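Text of the file structure.txt, holding compact mmCIF, C-alpha atoms (C1' of nucleotides):
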```txt
# COMPACT_ATOMS: atom_id res chain seq x y z
CA MET A 822 0.00 0.00 0.00
CA ARG A 823 1.28 3.42 -0.89
CA TRP A 824 1.07 6.13 1.74
CA GLN A 825 -1.24 8.40 -0.23
CA ASP A 826 -3.88 5.67 -0.08
CA THR A 827 -3.95 5.54 3.70
CA ASN A 828 -6.31 8.45 4.27
CA THR A 829 -9.10 6.44 2.67
CA GLN A 830 -8.93 3.92 5.52
CA THR A 831 -11.67 3.75 8.11
CA CYS A 832 -9.38 3.66 11.16
CA SER A 833 -9.10 7.02 12.95
CA ILE A 834 -5.47 6.39 13.82
CA THR A 835 -4.59 5.71 10.20
CA ARG A 836 -6.46 8.82 9.11
CA SER A 837 -4.70 10.94 11.71
CA LEU A 838 -1.30 9.62 10.69
CA SER A 839 -2.07 10.33 7.03
CA ILE A 840 -1.89 14.02 8.03
CA PHE A 841 1.02 14.11 10.47
CA GLY A 842 2.51 10.58 10.51
CA ASP A 843 5.72 11.58 8.79
CA ARG A 844 9.06 12.54 10.22
CA TRP A 845 8.58 16.30 10.52
CA THR A 846 4.97 17.38 10.73
CA LEU A 847 4.43 16.88 14.45
CA LEU A 848 7.67 18.69 15.20
CA VAL A 849 6.48 21.64 13.11
CA ILE A 850 3.22 21.65 15.08
CA ARG A 851 5.13 21.45 18.34
CA GLN A 852 7.14 24.55 17.35
CA ILE A 853 3.95 26.44 16.61
CA PHE A 854 2.55 25.52 20.03
CA MET A 855 5.84 26.88 21.37
CA ARG A 856 5.21 30.22 19.61
CA ILE A 857 7.79 29.58 16.91
CA ARG A 858 5.50 30.54 14.05
CA ARG A 859 7.40 32.15 11.21
CA PHE A 860 8.88 30.22 8.32
CA SER A 861 12.48 31.14 9.00
CA GLU A 862 12.16 30.57 12.76
CA ILE A 863 10.71 27.10 12.26
CA GLN A 864 13.23 26.24 9.60
CA ALA A 865 16.23 27.34 11.63
CA SER A 866 15.06 25.83 14.92
CA LEU A 867 14.28 22.39 13.48
CA GLY A 868 16.94 22.14 10.80
CA ILE A 869 14.32 21.01 8.29
CA SER A 870 15.04 21.86 4.67
CA LYS A 871 13.11 24.82 3.32
CA HIS A 872 11.12 23.09 0.61
CA ARG A 873 10.13 20.30 2.96
CA LEU A 874 8.86 22.86 5.46
CA SER A 875 7.06 24.69 2.68
CA ASP A 876 5.30 21.43 1.70
CA ARG A 877 4.30 20.65 5.26
CA LEU A 878 2.94 24.09 6.06
CA THR A 879 0.94 24.18 2.84
CA ARG A 880 -0.54 20.80 3.61
CA LEU A 881 -1.41 21.69 7.21
CA VAL A 882 -3.19 24.82 5.99
CA GLU A 883 -5.09 22.75 3.41
CA GLU A 884 -6.10 20.33 6.17
CA ASP A 885 -7.31 23.22 8.34
CA VAL A 886 -4.83 22.44 11.10
CA LEU A 887 -3.06 25.79 10.65
CA TYR A 888 -4.05 29.14 9.22
CA LYS A 889 -1.91 31.97 7.89
CA ASP A 890 -1.98 35.26 9.75
CA ALA A 891 -0.27 38.15 7.94
CA TYR A 892 2.10 40.18 10.05
CA ASP A 893 3.41 42.75 7.55
CA GLN A 894 1.57 45.68 6.03
CA ALA A 895 1.65 44.26 2.52
CA GLY A 896 0.03 41.04 3.76
CA ASN A 897 2.58 38.78 2.10
CA ARG A 898 4.31 37.35 5.17
CA PHE A 899 2.60 35.14 7.63
CA GLU A 900 2.69 33.58 11.01
CA TYR A 901 1.32 30.07 11.00
CA LYS A 902 -1.17 29.60 13.81
CA LEU A 903 -3.24 26.72 15.08
CA THR A 904 -6.91 26.47 14.22
CA GLU A 905 -9.32 24.87 16.67
CA LYS A 906 -8.57 21.56 14.94
CA GLY A 907 -4.86 22.16 15.39
CA LEU A 908 -5.15 23.23 19.03
CA ASP A 909 -6.91 19.94 19.64
CA LEU A 910 -3.62 18.17 18.85
CA TYR A 911 -2.30 19.28 22.21
CA PRO A 912 -3.10 16.01 24.02
CA ILE A 913 -1.10 14.11 21.41
CA ILE A 914 1.89 16.41 21.93
CA VAL A 915 1.60 16.04 25.69
CA ALA A 916 1.30 12.25 25.44
CA LEU A 917 4.40 12.07 23.24
CA ALA A 918 6.33 14.31 25.62
CA GLY A 919 5.22 12.25 28.59
CA TRP A 920 6.36 8.98 27.06
CA GLY A 921 9.71 10.45 26.07
CA ASP A 922 10.13 11.96 29.54
CA LYS A 923 9.51 8.60 31.17
CA TRP A 924 11.45 6.28 28.87
CA LEU A 925 14.04 8.31 26.99
CA ALA A 926 15.22 11.07 29.32
CA ASP A 927 18.91 11.15 30.15
CA ASP A 928 20.39 11.41 33.63
CA ASP A 929 19.80 15.15 33.77
CA GLY A 930 16.05 14.55 34.00
CA VAL A 931 13.02 15.86 32.17
CA PRO A 932 13.76 18.68 29.69
CA ILE A 933 10.55 20.65 30.17
CA GLU A 934 7.64 20.49 32.56
CA TYR A 935 4.00 21.21 31.86
CA ILE A 936 2.22 23.26 34.47
CA HIS A 937 -1.57 23.15 34.71
CA LYS A 938 -2.66 26.73 35.38
CA ASP A 939 -5.93 25.85 37.06
CA CYS A 940 -4.29 23.94 39.90
CA GLY A 941 -0.73 25.23 39.57
CA GLU A 942 0.76 21.75 39.69
CA ASN A 943 2.97 19.86 37.29
CA ALA A 944 0.44 18.40 34.88
CA ASN A 945 2.24 15.09 34.29
CA ALA A 946 -0.62 14.29 31.98
CA LYS A 947 -2.51 11.02 32.05
CA VAL A 948 -5.18 9.76 29.69
CA CYS A 949 -8.34 9.45 31.73
CA CYS A 950 -11.83 8.15 31.30
CA ASN A 951 -14.06 11.09 30.59
CA HIS A 952 -16.79 9.48 32.63
CA CYS A 953 -15.13 8.41 35.89
CA LYS A 954 -11.81 10.30 35.52
CA GLU A 955 -9.72 7.22 36.28
CA GLU A 956 -6.61 6.53 34.24
CA ILE A 957 -7.00 4.64 30.97
CA THR A 958 -4.50 1.88 30.19
CA ALA A 959 -4.34 -0.99 27.72
CA ASN A 960 -5.25 -3.32 30.55
CA ASN A 961 -8.42 -1.64 31.76
CA THR A 962 -9.97 -0.93 28.38
CA TYR A 963 -11.45 -2.91 25.55
CA VAL A 964 -12.79 -1.82 22.19
CA VAL A 965 -16.09 -2.43 20.45
CA PRO A 966 -17.07 -1.60 16.87
CA GLY A 967 -18.70 1.81 16.59
CA PRO A 968 -21.27 3.07 14.06
CA GLY A 969 -18.54 3.96 11.58
CA ILE A 970 -17.77 0.24 11.30
CA LEU A 971 -21.21 -1.26 11.76
CA LYS A 972 -22.85 0.83 9.05
CA LYS A 973 -20.08 -0.02 6.58
CA LEU A 974 -20.36 -3.70 7.44
CA ALA A 975 -24.10 -3.53 6.81
CA ARG A 976 -23.41 -2.04 3.38
CA ASN A 977 -20.67 -4.62 2.66
CA GLU A 978 -18.04 -1.91 2.36
CA PHE A 979 -15.58 -3.60 4.65
CA SER A 980 -12.59 -5.73 3.70
CA ASP A 981 -11.59 -9.01 5.34
CA SER A 982 -8.57 -7.45 6.97
CA ASP A 983 -10.72 -4.71 8.47
CA ILE A 984 -13.06 -7.30 9.91
CA GLN A 985 -10.13 -9.21 11.31
CA LEU A 986 -8.88 -6.06 12.96
CA TYR A 987 -12.12 -4.94 14.49
CA SER A 988 -13.21 -8.37 15.66
CA LYS A 989 -10.26 -8.35 18.02
CA SER A 990 -10.40 -6.60 21.33
CA LEU A 991 -8.01 -5.03 23.78
CA ASP A 992 -7.82 -6.31 27.31
CA ALA A 993 -5.56 -7.67 29.99
CA ASP A 994 -3.99 -10.02 27.49
CA SER A 995 -2.47 -7.14 25.57
CA ARG A 996 0.86 -7.72 27.22
CA MET B 1100 19.47 17.83 9.80
CA ARG B 1101 19.33 14.19 8.87
CA TRP B 1102 16.79 12.00 10.63
CA GLN B 1103 19.33 9.69 12.24
CA ASP B 1104 20.66 12.67 14.17
CA THR B 1105 17.35 13.50 15.82
CA ASN B 1106 17.58 11.03 18.69
CA THR B 1107 20.48 13.01 20.10
CA GLN B 1108 18.18 15.99 20.70
CA THR B 1109 17.15 16.96 24.19
CA CYS B 1110 13.44 17.33 23.44
CA SER B 1111 11.35 14.36 24.60
CA ILE B 1112 9.00 14.70 21.65
CA THR B 1113 11.86 14.59 19.18
CA ARG B 1114 13.35 11.57 20.94
CA SER B 1115 9.99 9.79 20.91
CA LEU B 1116 9.50 10.50 17.23
CA SER B 1117 13.00 9.21 16.48
CA ILE B 1118 11.60 5.78 17.42
CA PHE B 1119 8.11 5.82 15.92
CA GLY B 1120 7.81 9.08 13.99
CA ASP B 1121 7.76 7.43 10.59
CA ARG B 1122 4.86 6.39 8.41
CA TRP B 1123 4.36 2.85 9.68
CA THR B 1124 5.70 2.22 13.16
CA LEU B 1125 2.71 3.47 15.16
CA LEU B 1126 0.38 1.46 12.95
CA VAL B 1127 2.44 -1.66 13.65
CA ILE B 1128 2.18 -0.94 17.37
CA ARG B 1129 -1.55 -0.36 17.04
CA GLN B 1130 -1.95 -3.80 15.42
CA ILE B 1131 -0.05 -5.41 18.26
CA PHE B 1132 -2.33 -3.72 20.80
CA MET B 1133 -5.16 -5.19 18.71
CA ARG B 1134 -3.71 -8.70 19.11
CA ILE B 1135 -2.40 -8.86 15.56
CA ARG B 1136 1.05 -10.07 16.52
CA ARG B 1137 2.54 -12.40 13.93
CA PHE B 1138 4.64 -11.19 11.05
CA SER B 1139 2.32 -12.38 8.32
CA GLU B 1140 -0.79 -11.10 10.10
CA ILE B 1141 0.68 -7.63 10.54
CA GLN B 1142 2.00 -7.57 7.02
CA ALA B 1143 -1.28 -8.60 5.41
CA SER B 1144 -3.49 -6.41 7.59
CA LEU B 1145 -1.50 -3.22 7.04
CA GLY B 1146 -0.30 -3.75 3.48
CA ILE B 1147 3.24 -2.81 4.52
CA SER B 1148 6.04 -4.34 2.49
CA LYS B 1149 7.80 -7.27 4.15
CA HIS B 1150 11.27 -5.86 4.44
CA ARG B 1151 9.93 -2.60 5.82
CA LEU B 1152 8.01 -4.52 8.48
CA SER B 1153 11.08 -6.60 9.21
CA ASP B 1154 13.11 -3.42 9.75
CA ARG B 1155 10.50 -1.87 12.01
CA LEU B 1156 10.02 -4.94 14.20
CA THR B 1157 13.76 -5.40 14.60
CA ARG B 1158 14.13 -1.78 15.61
CA LEU B 1159 11.24 -1.90 18.08
CA VAL B 1160 12.77 -4.97 19.71
CA GLU B 1161 16.14 -3.20 19.90
CA GLU B 1162 14.43 -0.22 21.53
CA ASP B 1163 12.75 -2.50 24.07
CA VAL B 1164 9.25 -1.52 22.92
CA LEU B 1165 8.48 -5.08 21.78
CA TYR B 1166 9.82 -8.48 22.67
CA LYS B 1167 9.71 -11.75 20.71
CA ASP B 1168 7.74 -14.60 22.17
CA ALA B 1169 8.26 -17.96 20.40
CA TYR B 1170 5.11 -19.87 19.56
CA ASP B 1171 6.47 -22.96 17.78
CA GLN B 1172 8.39 -25.88 19.26
CA ALA B 1173 11.59 -25.08 17.40
CA GLY B 1174 11.56 -21.54 18.81
CA ASN B 1175 12.07 -19.92 15.43
CA ARG B 1176 8.71 -18.20 15.02
CA PHE B 1177 7.56 -15.38 17.19
CA GLU B 1178 4.70 -13.26 18.28
CA TYR B 1179 5.72 -9.68 18.83
CA LYS B 1180 4.39 -8.44 22.16
CA LEU B 1181 4.53 -5.15 24.01
CA THR B 1182 7.00 -4.64 26.83
CA GLU B 1183 6.12 -2.34 29.71
CA LYS B 1184 7.68 0.48 27.71
CA GLY B 1185 5.51 -0.46 24.73
CA LEU B 1186 2.31 -0.78 26.76
CA ASP B 1187 2.95 2.74 27.95
CA LEU B 1188 2.36 3.96 24.38
CA TYR B 1189 -1.33 3.36 24.90
CA PRO B 1190 -2.15 7.00 25.76
CA ILE B 1191 -0.58 8.11 22.49
CA ILE B 1192 -2.68 5.61 20.53
CA VAL B 1193 -5.82 6.73 22.36
CA ALA B 1194 -5.03 10.40 21.80
CA LEU B 1195 -4.49 9.79 18.07
CA ALA B 1196 -7.72 7.83 17.80
CA GLY B 1197 -9.60 10.53 19.70
CA TRP B 1198 -8.40 13.29 17.42
CA GLY B 1199 -9.22 11.29 14.30
CA ASP B 1200 -12.64 10.43 15.71
CA LYS B 1201 -13.41 14.07 16.34
CA TRP B 1202 -11.99 15.69 13.23
CA LEU B 1203 -11.74 13.07 10.50
CA ALA B 1204 -14.66 10.68 10.97
CA ASP B 1205 -17.06 10.38 8.06
CA ASP B 1206 -20.85 10.60 8.27
CA ASP B 1207 -21.13 7.03 9.51
CA GLY B 1208 -19.60 8.06 12.84
CA VAL B 1209 -16.76 6.79 14.97
CA PRO B 1210 -15.21 3.49 13.78
CA ILE B 1211 -14.43 1.99 17.17
CA GLU B 1212 -15.26 2.87 20.74
CA TYR B 1213 -13.09 2.40 23.82
CA ILE B 1214 -14.86 1.01 26.85
CA HIS B 1215 -13.38 1.57 30.29
CA LYS B 1216 -13.85 -1.73 32.16
CA ASP B 1217 -13.78 -0.25 35.64
CA CYS B 1218 -16.83 1.93 35.10
CA GLY B 1219 -18.28 0.21 32.04
CA GLU B 1220 -18.73 3.48 30.17
CA ASN B 1221 -17.42 4.68 26.85
CA ALA B 1222 -14.03 6.01 27.82
CA ASN B 1223 -13.95 8.93 25.37
CA ALA B 1224 -10.50 9.45 26.77
CA LYS B 1225 -9.16 12.88 27.66
CA VAL B 1226 -5.67 13.90 28.60
CA CYS B 1227 -5.96 15.10 32.19
CA CYS B 1228 -3.85 16.70 34.87
CA ASN B 1229 -2.51 13.96 37.08
CA HIS B 1230 -2.98 16.18 40.10
CA CYS B 1231 -6.50 17.60 39.82
CA LYS B 1232 -7.88 15.32 37.06
CA GLU B 1233 -9.13 18.21 34.97
CA GLU B 1234 -8.64 18.17 31.22
CA ILE B 1235 -5.38 19.50 29.80
CA THR B 1236 -5.54 21.89 26.85
CA ALA B 1237 -3.13 24.27 25.16
CA ASN B 1238 -4.91 27.16 26.83
CA ASN B 1239 -4.78 26.00 30.44
CA THR B 1240 -1.14 24.90 30.45
CA TYR B 1241 2.25 26.50 30.22
CA VAL B 1242 5.73 25.05 30.16
CA VAL B 1243 8.81 25.72 32.23
CA PRO B 1244 12.34 24.42 31.72
CA GLY B 1245 13.00 21.21 33.66
CA PRO B 1246 16.26 19.87 35.10
CA GLY B 1247 17.12 18.22 31.77
CA ILE B 1248 17.44 21.71 30.28
CA LEU B 1249 18.75 23.67 33.24
CA LYS B 1250 21.66 21.34 33.91
CA LYS B 1251 22.69 21.40 30.27
CA LEU B 1252 22.46 25.19 30.19
CA ALA B 1253 24.70 25.36 33.28
CA ARG B 1254 27.26 23.19 31.47
CA ASN B 1255 26.94 25.24 28.24
CA GLU B 1256 25.72 22.20 26.31
CA PHE B 1257 22.78 23.95 24.78
CA SER B 1258 22.51 25.49 21.34
CA ASP B 1259 20.98 28.88 20.57
CA SER B 1260 17.99 27.33 18.90
CA ASP B 1261 17.34 25.19 21.96
CA ILE B 1262 17.42 28.26 24.16
CA GLN B 1263 15.06 30.03 21.81
CA LEU B 1264 12.68 27.10 22.03
CA TYR B 1265 12.67 26.69 25.75
CA SER B 1266 12.53 30.38 26.57
CA LYS B 1267 9.09 30.47 24.97
CA SER B 1268 6.05 29.38 26.87
CA LEU B 1269 2.65 28.04 26.09
CA ASP B 1270 -0.42 29.89 27.23
CA ALA B 1271 -3.72 31.37 26.16
CA ASP B 1272 -2.00 33.10 23.28
CA SER B 1273 -1.26 29.78 21.61
CA ARG B 1274 -4.14 30.29 19.19
C1' DT C 745 11.28 -40.46 2.83
C1' DA C 746 9.87 -37.21 -0.62
C1' DT C 747 6.59 -33.30 -1.70
C1' DG C 748 4.58 -29.35 -1.30
C1' DC C 749 2.76 -25.54 1.79
C1' DT C 750 3.21 -21.90 5.26
C1' DT C 751 5.86 -18.61 7.69
C1' DG C 752 9.26 -15.29 8.11
C1' DG C 753 12.18 -13.42 6.18
C1' DT C 754 16.26 -11.29 2.39
C1' DT C 755 17.76 -9.44 -2.14
C1' DC C 756 17.29 -6.69 -6.03
C1' DC C 757 15.60 -2.79 -8.58
C1' DA C 758 12.46 1.03 -9.63
C1' DA C 759 9.86 4.76 -7.66
C1' DT C 760 9.26 8.22 -4.16
C1' DA C 761 10.76 11.39 -0.56
C1' DT C 762 14.27 14.18 1.42
C1' DG C 763 18.48 17.28 2.16
C1' DG C 764 21.50 20.89 0.62
C1' DA C 765 22.92 24.44 -2.20
C1' DA C 766 21.81 27.93 -5.31
C1' DC C 767 18.56 31.06 -7.00
C1' DT C 768 14.44 34.36 -6.90
C1' DA C 769 11.06 37.78 -5.56
C1' DT C 770 9.23 40.86 -2.31
C1' DA C 771 9.64 43.84 1.88
C1' DT C 772 11.94 46.27 5.18
C1' DT C 773 15.99 48.88 6.86
C1' DA C 774 20.13 51.97 6.46
C1' DT D 861 18.99 53.82 -3.67
C1' DA D 862 21.48 49.89 -1.88
C1' DA D 863 21.75 46.31 1.38
C1' DT D 864 19.57 42.94 4.04
C1' DA D 865 15.94 39.77 5.69
C1' DT D 866 12.13 36.79 4.70
C1' DA D 867 9.81 33.28 2.38
C1' DG D 868 9.96 30.71 -0.61
C1' DT D 869 11.26 27.63 -5.51
C1' DT D 870 14.36 24.88 -8.50
C1' DC D 871 17.77 21.52 -9.30
C1' DC D 872 20.31 17.54 -8.26
C1' DA D 873 22.34 13.91 -5.27
C1' DT D 874 21.13 10.81 -1.60
C1' DA D 875 18.08 8.07 1.32
C1' DT D 876 13.88 5.60 2.01
C1' DT D 877 10.24 2.81 0.41
C1' DG D 878 7.34 -0.55 -2.41
C1' DG D 879 6.95 -4.66 -5.14
C1' DA D 880 8.36 -8.75 -7.01
C1' DA D 881 11.20 -12.58 -6.78
C1' DC D 882 13.84 -15.58 -4.18
C1' DC D 883 15.18 -18.45 -0.07
C1' DA D 884 15.36 -21.41 4.09
C1' DA D 885 13.31 -23.69 7.98
C1' DG D 886 9.53 -26.19 9.84
C1' DC D 887 5.23 -28.64 9.39
C1' DA D 888 1.66 -31.53 7.14
C1' DT D 889 0.55 -35.08 3.89
C1' DA D 890 1.26 -39.32 0.87
```

Write the structure described by the file as structure tokens, please.
Amino acid sequence: MRWQDTNTQTCSITRSLSIFGDRWTLLVIRQIFMRIRRFSEIQASLGISKHRLSDRLTRLVEEDVLYKDAYDQAGNRFEYKLTEKGLDLYPIIVALAGWGDKWLADDDGVPIEYIHKDCGENANAKVCCNHCKEEITANNTYVVPGPGILKKLARNEFSDSDIQLYSKSLDADSR
Amino acid sequence: MRWQDTNTQTCSITRSLSIFGDRWTLLVIRQIFMRIRRFSEIQASLGISKHRLSDRLTRLVEEDVLYKDAYDQAGNRFEYKLTEKGLDLYPIIVALAGWGDKWLADDDGVPIEYIHKDCGENANAKVCCNHCKEEITANNTYVVPGPGILKKLARNEFSDSDIQLYSKSLDADSR
DNA sequence: TATGCTTGGTTCCAATATGGAACTATATTA
DNA sequence: TAATATAGTTCCATATTGGAACCAAGCATA
């Protein structure tokens, strides 16, 4: 399967990765969260080549993850800012940072800390059940097919490998 | 900057992405969470080419994200299973799925739902503050340099672009 | 014991994506 | 007006990926 075909898949993870599942895009988004928002700033701070960055920014604007906000009088130079859709990527960024902090930090410790303004404490983010607020892990969760699968199954629009995937479930055996 | 240099960076996000920030690795991990754990199963279900999958699995075992568990008598054929480090990627998977569910689902609705066993409800997972359990967003969080930065700064092991990055903060202006 | 089948790869080559340098066009600054 | 900064684009060499063919070990069958 070629990569450009992946965004036609049903899986939400596959669809998400079709937008930012490459080597640079999430780092570009991270910079923009960090207020590094102009082309040259992003390019210099990441060391990404210019035409690659140009591609990525254009694509993120097309996907409505970023929008261009002119900062000169002529209106030809832009800061790239996060749309509502883009701001919603924050949990993914925090989850990535948290995993790296836990498993990849060197002896010096965690490079940056996230402070939750409302309580003033180190956020040390966890993924929690929206209903009971307890932490979500692979071992206390299982999956069931949702309407996006069931309706396609009813219309026979689902492949064998999709059925194989979604007939499986996550539970304590995931280890 | 070439990609193989990225895992020397201080940033936890960059280090994380140096392991699974390519087009396929997170999908491979997702399959393993979904109990699709043998080479041929993963290969057929994702449509990834064999040598690419071989590379990725080898690398994930090297990185201690997966381990090989023999399932034949001769001990030559393996299921790839998640280590503790790998299981800890679950929040990232859930965050990706949640974003895709919200922003990329088609009219049929969400493809799969995550059920939290402890309360029996649809988890609809949120990234929350570990301290007060409230949801984390770009607007209610800011960042401060942690020891991993401060110690390197004290030893002069930090580049200008790193300083630029970490001197910025996240807050309500992130939009 | 020979035969083919399945699994889990590896090897080769063509196609695609990326990095780096040079170039360009438009604004802003001196 | 000239110099500089910004935000790209173009060209080419290199790196990564996909696809097909090949291979070797183990198992199932005759």

Next item on the list: Counting all atoms listed in the file, find the residues whose atoms lie at most 12 Å from (19.6, 7.5, 1.2) (file coordinates) and write them out as a PyMOL selection string.
Entry: (chain B and resi 1101-1103) or (chain C and resi 760-763) or (chain D and resi 873-877)

Select from chain D every residue with an atom at most 9 Å from any atom of chain B, then for each give the shortest pair of atoms and their distance in Å to one decimal, using all atoms listed in the file, rows by chain and rising number, as JSON lines.
```
{"residue": "D:DT877", "atom": "C1'", "partner": "B:Arg1151", "partner_atom": "CA", "distance": 7.7}
{"residue": "D:DG878", "atom": "C1'", "partner": "B:Ser1148", "partner_atom": "CA", "distance": 6.3}
{"residue": "D:DG879", "atom": "C1'", "partner": "B:Ser1148", "partner_atom": "CA", "distance": 7.7}
{"residue": "D:DA885", "atom": "C1'", "partner": "B:Asn1175", "partner_atom": "CA", "distance": 8.4}
{"residue": "D:DG886", "atom": "C1'", "partner": "B:Ala1173", "partner_atom": "CA", "distance": 7.9}
```

Note to self: Only residues of chain C matter here; which ones have an atom within 8 Å of chain B, counting all atoms listed in the file? Give them as number ranges by chain.
What the structure shows: C: 751-754, 763

Output C-alpha atoms (C1' of nucleotides) for every residue in that selection, as a PDB file, in the coordinates of the input.
```
ATOM      1  C1'  DT C 751       5.860 -18.610   7.690  1.00  0.00           C
ATOM      2  C1'  DG C 752       9.260 -15.290   8.110  1.00  0.00           C
ATOM      3  C1'  DG C 753      12.180 -13.420   6.180  1.00  0.00           C
ATOM      4  C1'  DT C 754      16.260 -11.290   2.390  1.00  0.00           C
ATOM      5  C1'  DG C 763      18.480  17.280   2.160  1.00  0.00           C
TER       6       DG C 763
END
```

Note to self: Would you pick out the contacts of Asp1168 (chain B) at 8 Å or less, using only C-alpha atoms (C1' of nucleotides), so that residues sharing its chain but fewer than 5 positions from it are not included, and give the list as JSON, numbers by chain?
What the structure shows: {"B": [1177, 1178, 1179, 1180]}

Would you export the selected residues with C-alpha atoms as a compact mmCIF listing (two decimals), keeping the file's coordinate frame, please?
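Saved the output as result-v8.txt:
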```txt
# COMPACT_ATOMS: atom_id res chain seq x y z
CA PHE B 1177 7.56 -15.38 17.19
CA GLU B 1178 4.70 -13.26 18.28
CA TYR B 1179 5.72 -9.68 18.83
CA LYS B 1180 4.39 -8.44 22.16
```

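The space between CA of Asp1154 (chain B) and CA of Ile1141 (chain B) spans 13.1 Å.
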
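Remark: for chain A, the closest of the candidate residues B:Lys1201, B:Arg1155, B:Arg1254, B:Lys1225 is B:Lys1225 (distances computed over all atoms listed in the file).
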
Next item on the list: For DC749 (chain C), work out the shell of residues within 12 Å, counting all atoms listed in the file and skipping chain neighbours fewer than 3 positions away, then give it as a list in words.
Entry: DG886, DC887, DA888 and DT889 of chain D

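Proximity of A:Leu887, A:Ala865, A:Val915, A:Val948 to chain B, computed with all atoms listed in the file, is greatest for A:Val948.
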
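Near DA865 (chain D), within 10 Å and counting all atoms listed in the file, sit Ser861 of chain A; DA771, DT772 and DT773 of chain C, not including residues fewer than 6 positions from it in the same chain.
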
Checklist line | Nearest to chain A by atom-to-atom distance, counting all atoms listed in the file, from B:Ala1253, B:Ile1191, B:Val1160, B:Leu1125 | finding: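 Closest to chain A of all the choices is B:Ile1191.
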
Quick one: residues within 8 Å of Pro912 (chain A), only C-alpha atoms (C1' of nucleotides), excluding same-chain residues fewer than 2 positions away - as a PDB file with C-alpha atoms, in the frame of the given file?
```pdb
ATOM      1  CA  ASP A 909      -6.910  19.940  19.640  1.00  0.00           C
ATOM      2  CA  LEU A 910      -3.620  18.170  18.850  1.00  0.00           C
ATOM      3  CA  ILE A 914       1.890  16.410  21.930  1.00  0.00           C
ATOM      4  CA  VAL A 915       1.600  16.040  25.690  1.00  0.00           C
ATOM      5  CA  ALA A 916       1.300  12.250  25.440  1.00  0.00           C
TER       6      ALA A 916
ATOM      7  CA  ALA B1194      -5.030  10.400  21.800  1.00  0.00           C
ATOM      8  CA  LYS B1225      -9.160  12.880  27.660  1.00  0.00           C
ATOM      9  CA  VAL B1226      -5.670  13.900  28.600  1.00  0.00           C
ATOM     10  CA  ILE B1235      -5.380  19.500  29.800  1.00  0.00           C
ATOM     11  CA  THR B1236      -5.540  21.890  26.850  1.00  0.00           C
TER      12      THR B1236
END
```

Next item on the list: Could you pull out every residue with an atom within 10 Å of (-15.2, 7.9, 30.7), file coordinates, counting only C-alpha atoms (C1' of nucleotides), and send them as an NGL selection string?
Entry: (:A and (949-957)) or (:B and (1213-1225))

Can I get the selection written as a CSV table (one decimal), keeping the file's coordinate frame, with C-alpha atoms?
```csv
chain,number,residue,atom,x,y,z
A,949,CYS,CA,-8.3,9.4,31.7
A,950,CYS,CA,-11.8,8.2,31.3
A,951,ASN,CA,-14.1,11.1,30.6
A,952,HIS,CA,-16.8,9.5,32.6
A,953,CYS,CA,-15.1,8.4,35.9
A,954,LYS,CA,-11.8,10.3,35.5
A,955,GLU,CA,-9.7,7.2,36.3
A,956,GLU,CA,-6.6,6.5,34.2
A,957,ILE,CA,-7.0,4.6,31.0
B,1213,TYR,CA,-13.1,2.4,23.8
B,1214,ILE,CA,-14.9,1.0,26.8
B,1215,HIS,CA,-13.4,1.6,30.3
B,1216,LYS,CA,-13.8,-1.7,32.2
B,1217,ASP,CA,-13.8,-0.2,35.6
B,1218,CYS,CA,-16.8,1.9,35.1
B,1219,GLY,CA,-18.3,0.2,32.0
B,1220,GLU,CA,-18.7,3.5,30.2
B,1221,ASN,CA,-17.4,4.7,26.8
B,1222,ALA,CA,-14.0,6.0,27.8
B,1223,ASN,CA,-14.0,8.9,25.4
B,1224,ALA,CA,-10.5,9.4,26.8
B,1225,LYS,CA,-9.2,12.9,27.7
```

Long-range neighbours of Thr846 (chain A) as an mmCIF file with C-alpha atoms, keeping the file's coordinate frame, 9 Å cut-off, only C-alpha atoms (C1' of nucleotides), 5 positions minimum in chain:
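Saved result, result25.cif, follows:
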```cif
data_model
loop_
_atom_site.group_PDB
_atom_site.id
_atom_site.type_symbol
_atom_site.label_atom_id
_atom_site.label_comp_id
_atom_site.auth_asym_id
_atom_site.auth_seq_id
_atom_site.Cartn_x
_atom_site.Cartn_y
_atom_site.Cartn_z
ATOM 1 C CA ILE A 840 -1.890 14.020 8.030
ATOM 2 C CA PHE A 841 1.020 14.110 10.470
ATOM 3 C CA ARG A 851 5.130 21.450 18.340
ATOM 4 C CA LEU A 874 8.860 22.860 5.460
ATOM 5 C CA ARG A 877 4.300 20.650 5.260
ATOM 6 C CA LEU A 878 2.940 24.090 6.060
ATOM 7 C CA LEU A 881 -1.410 21.690 7.210
#
```

Notebook entry, point to check: Any idea what the distance is between CA of Ala959 (chain A) and CA of Gly1120 (chain B)?
Noted result: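 Rounded to one decimal, the two atoms are 20.9 Å apart.
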
Check: B:Thr1157, B:Ser1115, B:Asn1238, B:Asn1255: which is nearest chain A, counting all atoms listed in the file?
Finding: B:Ser1115

Margin query: Just to confirm, what's the straight-line distance from CA of Asp1200 (chain B) to CA of Thr962 (chain A) in Å (one decimal)?
Written below: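 Between CA of Asp1200 (chain B) and CA of Thr962 (chain A) the gap is 17.2 Å.
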